[in-house]
Amino acid sequence: MDLISKQLVELRINKKLSQEELANELGVSRQAISKWETGSGYPETDNLIKLVSFYDTSADYILFGKKDKKKESIFSDQNFVKALIFFGMIFGIISFTAIIITFFIR
């Protein structure tokens, strides 16, 4: 059993579903679920998207075992860029204010 298969089995068992119940939820056959979970086949892209949505996880978790990044830290890519923009604006305002004050003090 490979990593993808293990992840899919773990996710299904955690939801307390049978292969048949999961197949009905996703609109696929029970045989498809069995193939994915034994490693004799893999979900196509559209089914991978359904799995990610159904399990409320990431494709990285299913495919590579990487932990889900639902909770972002301050250093996550998106938040880090926002912080840089914010501090850049603050720095710009302070610099502009210092220039204006210096100009009027002379």
# chains A, B, ... in the order shown; residues from 1 in each chain; ligands from 1
call {"tool": "residues_around", "arguments": {"residues": "A:Glu37", "least_positions_apart": "2", "cutoff": "10 Å", "atoms": "only C-alpha atoms", "output": "JSON, numbers by chain"}}
result
{"A": [1, 2, 3, 4, 5, 6, 7, 8, 9, 10, 12, 19, 31, 32, 33, 34, 35, 39, 40, 41, 42, 43]}
call {"tool": "select_by_dssp", "arguments": {"residues": "chain A", "states": "alpha helix (DSSP H)", "output": "VMD selection string"}}
result
chain A and resid 3 to 14 19 to 26 30 to 38 45 to 55 59 to 64 77 to 105
call {"tool": "atom_distance", "arguments": {"atom1": "atom CA of A:Leu63", "atom2": "atom CA of A:Leu51"}}
result
11.2 Å
call {"tool": "residues_around", "arguments": {"residues": "A:Leu11", "least_positions_apart": "6", "cutoff": "10 Å", "atoms": "only C-alpha atoms", "output": "ChimeraX atom specification"}}
result
/A:5,17,51,54-55,57,62
call {"tool": "write_last_selection", "arguments": {"atoms": "N, CA, C and O atoms", "output": "CSV table (one decimal), in the first residue's frame"}}
result
chain,number,residue,atom,x,y,z
A,5,SER,N,-2.7,5.7,-1.0
A,5,SER,CA,-3.7,4.7,-0.5
A,5,SER,C,-3.9,4.8,1.0
A,5,SER,O,-5.0,4.7,1.5
A,17,LEU,N,-16.9,5.8,7.5
A,17,LEU,CA,-17.7,5.4,6.3
A,17,LEU,C,-17.2,4.1,5.7
A,17,LEU,O,-16.0,3.8,5.7
A,51,LEU,N,-12.5,14.5,-3.4
A,51,LEU,CA,-12.0,14.0,-2.1
A,51,LEU,C,-11.5,15.1,-1.2
A,51,LEU,O,-11.8,15.1,0.0
A,54,PHE,N,-14.6,16.9,0.1
A,54,PHE,CA,-15.4,16.0,1.0
A,54,PHE,C,-14.7,15.9,2.3
A,54,PHE,O,-15.3,16.0,3.4
A,55,TYR,N,-13.4,15.7,2.3
A,55,TYR,CA,-12.7,15.5,3.5
A,55,TYR,C,-12.2,16.8,4.2
A,55,TYR,O,-11.6,16.8,5.2
A,57,THR,N,-9.7,18.8,3.4
A,57,THR,CA,-8.3,18.7,3.5
A,57,THR,C,-7.6,19.3,2.3
A,57,THR,O,-8.2,19.9,1.5
A,62,ILE,N,-3.3,14.4,0.8
A,62,ILE,CA,-3.6,13.2,0.2
A,62,ILE,C,-2.5,12.6,-0.6
A,62,ILE,O,-2.1,11.4,-0.5
call {"tool": "residues_around", "arguments": {"residues": "A:Arg30", "least_positions_apart": "6", "cutoff": "12 Å", "atoms": "only C-alpha atoms", "output": "list in words"}}
result
Leu17, Ser18, Gln19, Glu20, Glu21, Leu22, Ala23, Asn24, Trp36 and Glu37 of chain A
call {"tool": "write_last_selection", "arguments": {"atoms": "C-alpha atoms", "output": "PDB file, in the first residue's frame"}}
result
ATOM      1  CA  LEU A  17     -17.669   5.435   6.255  1.00  0.00           C
ATOM      2  CA  SER A  18     -17.706   2.228   4.290  1.00  0.00           C
ATOM      3  CA  GLN A  19     -16.300   2.187   0.770  1.00  0.00           C
ATOM      4  CA  GLU A  20     -19.883   1.963  -0.508  1.00  0.00           C
ATOM      5  CA  GLU A  21     -20.991   5.018   1.483  1.00  0.00           C
ATOM      6  CA  LEU A  22     -18.004   7.044   0.277  1.00  0.00           C
ATOM      7  CA  ALA A  23     -18.636   5.961  -3.305  1.00  0.00           C
ATOM      8  CA  ASN A  24     -22.231   7.196  -3.041  1.00  0.00           C
ATOM      9  CA  TRP A  36      -7.623   3.888  -4.873  1.00  0.00           C
ATOM     10  CA  GLU A  37      -7.269   2.384  -1.399  1.00  0.00           C
TER      11      GLU A  37
END
call {"tool": "atom_distance", "arguments": {"atom1": "atom CA of A:Ile101", "atom2": "atom CA of A:Lys82"}}
result
28.7 Å
call {"tool": "atom_distance", "arguments": {"atom1": "atom CA of A:Leu26", "atom2": "atom CA of A:Gly65"}}
result
21.4 Å
call {"tool": "closest_residue", "arguments": {"among": "A:Ile85, A:Val28, A:Ile100, A:Ile105", "to": "A:Lys50", "atoms": "only C-alpha atoms"}}
result
A:Val28
